[in-house]
Amino acid sequence: MTESKHDADQPAGRENRARRDHGERSGHDTYGEHAGHDERLGFSSLAIHAGQEPDPLTGAVVPPIYQVSTYKQDGVGGLRGGYEYSRSANPTRTALEECLAAIEGGTRGLAFASGLAAEDCLLRTVVAPGDHVVIPNDAYGGTYRLFSKVYERWGVQWTAVDLGDLDAVRAAVQPGRTRAVWVETPSNPLLGVSDIAALAGIAREAGALLVVDNTFATPYLQQPLALGADVVVHSTTKYIGGHSDVVGGALVVADAGLGERLAFHQNSLGAVAGPFDAWLTLRGIKTLAVRMDRHCQNAAAVAEMLAAHPKVSEVRYPGLPGHQGHEIAVKQMRAFGGMVSFRHADGEEAAVEMCGRTRLFTLGESLGGVESLIEHPGRMTHMSAAGSPLEVPADLVRLSVGIEDRADLLADLARALG
């Protein structure tokens, strides 16, 4: 394994230029300054321009793919732009990380090879043997597996709790031992909604970090750092990439000091985003806002149709007034996202069979792409939670509603339900 001098020190590379403005950020309609511009830019302007200045040599408006492992030095230690080895820093990855920080309103962004690689780096940075973490009782199966099968072996304890019950969260927190309160909102796959600002207050009182997995909402629909969160986690494989052609993950932080610690571990652990993956993800970000608008419109129509269907016993979608977290979602989200889960009235086997009958909704894992997907969480993405407190209902079906024509999606589901 090739080493660089930064294996024992902080990684080199340009710092993120996007800086969080604590005084002016108050919601999800204004965003931080874009590098090189004094005016405050809107979300789509940042998504297209932050970290992506035209190439100074050629004028290319799209950042190049720096498919390179090492860089010529101008004398020993004479680094051009801070680059020496692409595990430590790569210009294409830097562009992505700057853009991620800008659209989440953070001080620093870090890009990883997958969402779980991002989670692992964060946990190795802030948690040690003997520490404790509070997690949702409806967490993503991969997150649950990371805690129950990996970190538990290294002496890290965890408690799963209903994050919608603030008293239960307070009871689960162990001051002095709890290092993080882990939040998914909306959650995967039950679409639970958590009050980020309220949980931030609980975490702060206990001296813990509030970590928000913002994958389902995306920074376009929800800004956790502006609501008091310390760290935002993403599987950029999903909506941020948006085209089912790249795997990646990200962390964005409010505190620059924590960002430096994470960057050290990112370099030390090495699970970084490759240049081409970073470029594909950056390309996806440019259309995130317009895609999410269409995802949300289609998902709302799907949720309403399912809610009226006799073969559906329950629909979980934060945009429905009957959803338990609807009022919180209205308060902290721009819109309600593209994910819909529902329970089949005829039970597990009927749910499984329905997943095989759709035509436009492709049976497959993952989510957030332009194409619609359908899956059975209990037998697919959340099988690792079977028999645990996080086990999902056996009759549950999860939909990632894409951006196809709405009428075609509705007809496909109606046909499959029978």
# chains A, B, ... in the order shown; residues from 1 in each chain; ligands from 1
>>> residues_around(residues="region 276-285 of chain A", least_positions_apart="3", cutoff="9 Å", atoms="only C-alpha atoms", output="ChimeraX atom specification")
/A:44,47-48,62-67,92-97,99-100,111-113,236-237,239-243,245-248,273,288-289
>>> select_by_dssp(residues="region 373-414 of chain A", states="strand (DSSP E or B)", output="PyMOL selection string")
chain A and resi 373-375+396-400
>>> write_last_selection(atoms="C-alpha atoms", output="tab-separated table (two decimals), in the first residue's frame")
chain	number	residue	atom	x	y	z
A	373	LEU	CA	-38.48	0.99	-8.03
A	374	ILE	CA	-40.52	-1.39	-5.87
A	375	GLU	CA	-39.28	-3.74	-3.17
A	396	LEU	CA	-44.87	-3.77	3.82
A	397	VAL	CA	-44.04	-2.63	0.28
A	398	ARG	CA	-41.65	0.27	-0.37
A	399	LEU	CA	-41.85	2.44	-3.49
A	400	SER	CA	-39.22	4.80	-4.83
>>> closest_atom_pairs(of="region 210-301 of chain A", to="region 322-333 of chain A", cutoff="9 Å", atoms="only C-alpha atoms", output="JSON lines")
{"residue": "A:Ala217", "atom": "CA", "partner": "A:Met333", "partner_atom": "CA", "distance": 7.8}
{"residue": "A:Tyr220", "atom": "CA", "partner": "A:Met333", "partner_atom": "CA", "distance": 8.8}
{"residue": "A:Leu221", "atom": "CA", "partner": "A:Met333", "partner_atom": "CA", "distance": 5.2}
{"residue": "A:Gln222", "atom": "CA", "partner": "A:Met333", "partner_atom": "CA", "distance": 4.9}
{"residue": "A:Gln223", "atom": "CA", "partner": "A:Gln332", "partner_atom": "CA", "distance": 7.8}
{"residue": "A:Pro224", "atom": "CA", "partner": "A:Gln332", "partner_atom": "CA", "distance": 8.5}
{"residue": "A:Leu227", "atom": "CA", "partner": "A:Gln332", "partner_atom": "CA", "distance": 8.1}
>>> residues_around(residues="region 124-137 of chain A", least_positions_apart="3", cutoff="10 Å", atoms="only C-alpha atoms", output="ChimeraX atom specification")
/A:119-121,140,143-144,147,151-164,169-170,172-185,187,192,194,203,208-211,258,261-266,269,388-392
>>> write_last_selection(atoms="C-alpha atoms", output="mmCIF file, in the first residue's frame")
data_model
loop_
_atom_site.group_PDB
_atom_site.id
_atom_site.type_symbol
_atom_site.label_atom_id
_atom_site.label_comp_id
_atom_site.auth_asym_id
_atom_site.auth_seq_id
_atom_site.Cartn_x
_atom_site.Cartn_y
_atom_site.Cartn_z
ATOM 1 C CA GLU A 119 -21.202 6.287 8.517
ATOM 2 C CA ASP A 120 -18.211 4.167 9.497
ATOM 3 C CA CYS A 121 -15.807 7.097 9.252
ATOM 4 C CA TYR A 140 -32.112 1.583 7.694
ATOM 5 C CA THR A 143 -27.173 1.139 9.707
ATOM 6 C CA TYR A 144 -28.658 -1.338 12.167
ATOM 7 C CA PHE A 147 -24.209 -1.129 15.023
ATOM 8 C CA TYR A 151 -19.602 -1.855 16.519
ATOM 9 C CA GLU A 152 -21.200 -3.932 19.238
ATOM 10 C CA ARG A 153 -18.232 -6.334 18.937
ATOM 11 C CA TRP A 154 -15.921 -3.402 19.675
ATOM 12 C CA GLY A 155 -17.702 -2.392 22.861
ATOM 13 C CA VAL A 156 -19.997 0.307 21.519
ATOM 14 C CA GLN A 157 -23.476 0.112 23.000
ATOM 15 C CA TRP A 158 -26.653 1.330 21.348
ATOM 16 C CA THR A 159 -30.308 1.803 22.189
ATOM 17 C CA ALA A 160 -33.099 1.763 19.599
ATOM 18 C CA VAL A 161 -35.909 4.152 20.424
ATOM 19 C CA ASP A 162 -38.939 5.788 18.824
ATOM 20 C CA LEU A 163 -37.507 9.189 17.919
ATOM 21 C CA GLY A 164 -41.020 10.609 17.700
ATOM 22 C CA VAL A 169 -35.296 9.757 23.690
ATOM 23 C CA ARG A 170 -34.452 11.652 26.882
ATOM 24 C CA ALA A 172 -32.482 6.573 26.383
ATOM 25 C CA VAL A 173 -29.725 9.184 26.440
ATOM 26 C CA GLN A 174 -26.945 8.494 28.930
ATOM 27 C CA PRO A 175 -25.186 11.787 29.753
ATOM 28 C CA GLY A 176 -21.434 11.351 29.649
ATOM 29 C CA ARG A 177 -21.666 8.112 27.623
ATOM 30 C CA THR A 178 -24.000 8.888 24.736
ATOM 31 C CA ARG A 179 -21.851 10.388 21.994
ATOM 32 C CA ALA A 180 -24.465 10.641 19.256
ATOM 33 C CA VAL A 181 -28.189 10.631 18.659
ATOM 34 C CA TRP A 182 -28.705 9.140 15.197
ATOM 35 C CA VAL A 183 -31.730 10.337 13.237
ATOM 36 C CA GLU A 184 -33.326 9.319 9.941
ATOM 37 C CA THR A 185 -36.075 11.646 8.856
ATOM 38 C CA SER A 187 -36.893 7.061 7.973
ATOM 39 C CA GLY A 192 -41.175 8.167 10.217
ATOM 40 C CA SER A 194 -38.511 13.251 13.632
ATOM 41 C CA ALA A 203 -28.530 15.900 22.285
ATOM 42 C CA ALA A 208 -23.906 14.386 22.323
ATOM 43 C CA LEU A 209 -23.849 15.067 18.595
ATOM 44 C CA LEU A 210 -27.037 15.047 16.584
ATOM 45 C CA VAL A 211 -26.456 13.096 13.364
ATOM 46 C CA LEU A 258 -15.069 18.221 13.611
ATOM 47 C CA ARG A 261 -11.080 15.255 12.554
ATOM 48 C CA LEU A 262 -13.288 13.545 10.011
ATOM 49 C CA ALA A 263 -10.896 14.437 7.190
ATOM 50 C CA PHE A 264 -8.035 12.801 9.097
ATOM 51 C CA HIS A 265 -10.037 9.588 9.452
ATOM 52 C CA GLN A 266 -11.255 9.778 5.852
ATOM 53 C CA LEU A 269 -9.367 4.736 6.505
ATOM 54 C CA SER A 388 -34.862 -7.581 16.098
ATOM 55 C CA PRO A 389 -36.708 -4.579 17.561
ATOM 56 C CA LEU A 390 -36.231 -2.980 14.131
ATOM 57 C CA GLU A 391 -38.043 -5.702 12.181
ATOM 58 C CA VAL A 392 -40.376 -4.214 9.559
#
>>> atom_distance(atom1="CA of Leu199 (chain A)", atom2="CA of Pro318 (chain A)")
18.5 Å
>>> select_by_dssp(residues="region 37-250 of chain A", states="alpha helix (DSSP H)", output="PyMOL selection string")
chain A and resi 43-49+91-104+115-126+141-145+166-172+196-205+218-221
>>> closest_residue(among="A:Arg204, A:Arg294, A:Arg379, A:Arg359", to="Glu404 (chain A)", atoms="only C-alpha atoms")
A:Arg294
>>> residues_around(residues="Tyr85 (chain A)", least_positions_apart="4", cutoff="8 Å", atoms="only C-alpha atoms", output="list in words")
Ser4, Ser69, Thr70, Tyr71, Ala89 and Asn90 of chain A
>>> atom_distance(atom1="CA of Glu205 (chain A)", atom2="CA of Asp230 (chain A)")
13.4 Å
>>> closest_residue(among="A:Leu166, A:Leu57, A:Ala118, A:Leu225", to="Ala102 (chain A)", atoms="only C-alpha atoms")
A:Leu225
>>> atom_distance(atom1="CA of Leu116 (chain A)", atom2="CA of His49 (chain A)")
27.4 Å
>>> residues_around(residues="His376 (chain A)", least_positions_apart="2", cutoff="12 Å", atoms="only C-alpha atoms", output="PyMOL selection string")
chain A and resi 189+341-344+347-356+362-366+373-374+378-383+392-400
>>> write_last_selection(atoms="C-alpha atoms", output="CSV table (one decimal), in the first residue's frame")
chain,number,residue,atom,x,y,z
A,189,PRO,CA,-38.6,2.3,5.1
A,341,SER,CA,-44.5,2.7,1.8
A,342,PHE,CA,-47.7,0.9,2.3
A,343,ARG,CA,-49.1,-2.3,3.8
A,344,HIS,CA,-50.9,-4.8,1.7
A,347,GLY,CA,-50.7,-9.9,3.9
A,348,GLU,CA,-47.1,-10.8,3.2
A,349,GLU,CA,-47.5,-13.2,0.3
A,350,ALA,CA,-49.8,-10.8,-1.5
A,351,ALA,CA,-47.2,-8.0,-0.9
A,352,VAL,CA,-44.4,-10.2,-2.3
A,353,GLU,CA,-46.5,-11.2,-5.4
A,354,MET,CA,-47.5,-7.6,-6.1
A,355,CYS,CA,-43.8,-6.6,-6.2
A,356,GLY,CA,-43.4,-9.0,-9.1
A,362,THR,CA,-38.8,-2.2,-11.4
A,363,LEU,CA,-38.3,-4.8,-8.7
A,364,GLY,CA,-34.9,-3.9,-7.1
A,365,GLU,CA,-33.1,-2.5,-4.1
A,366,SER,CA,-31.9,1.0,-3.7
A,373,LEU,CA,-38.5,1.0,-8.0
A,374,ILE,CA,-40.5,-1.4,-5.9
A,378,GLY,CA,-38.7,-7.6,4.9
A,379,ARG,CA,-37.1,-9.9,2.4
A,380,MET,CA,-34.8,-7.5,0.7
A,381,THR,CA,-33.2,-4.3,2.1
A,382,HIS,CA,-34.2,-4.9,5.8
A,383,MET,CA,-33.7,-8.6,6.1
A,392,VAL,CA,-40.4,-4.2,9.6
A,393,PRO,CA,-44.0,-5.4,8.9
A,394,ALA,CA,-44.0,-8.5,6.7
A,395,ASP,CA,-46.8,-7.0,4.5
A,396,LEU,CA,-44.9,-3.8,3.8
A,397,VAL,CA,-44.0,-2.6,0.3
A,398,ARG,CA,-41.7,0.3,-0.4
A,399,LEU,CA,-41.8,2.4,-3.5
A,400,SER,CA,-39.2,4.8,-4.8
>>> closest_residue(among="A:Ser114, A:Asn188, A:Ser45, A:Asn267", to="Asp138 (chain A)", atoms="only C-alpha atoms")
A:Asn188
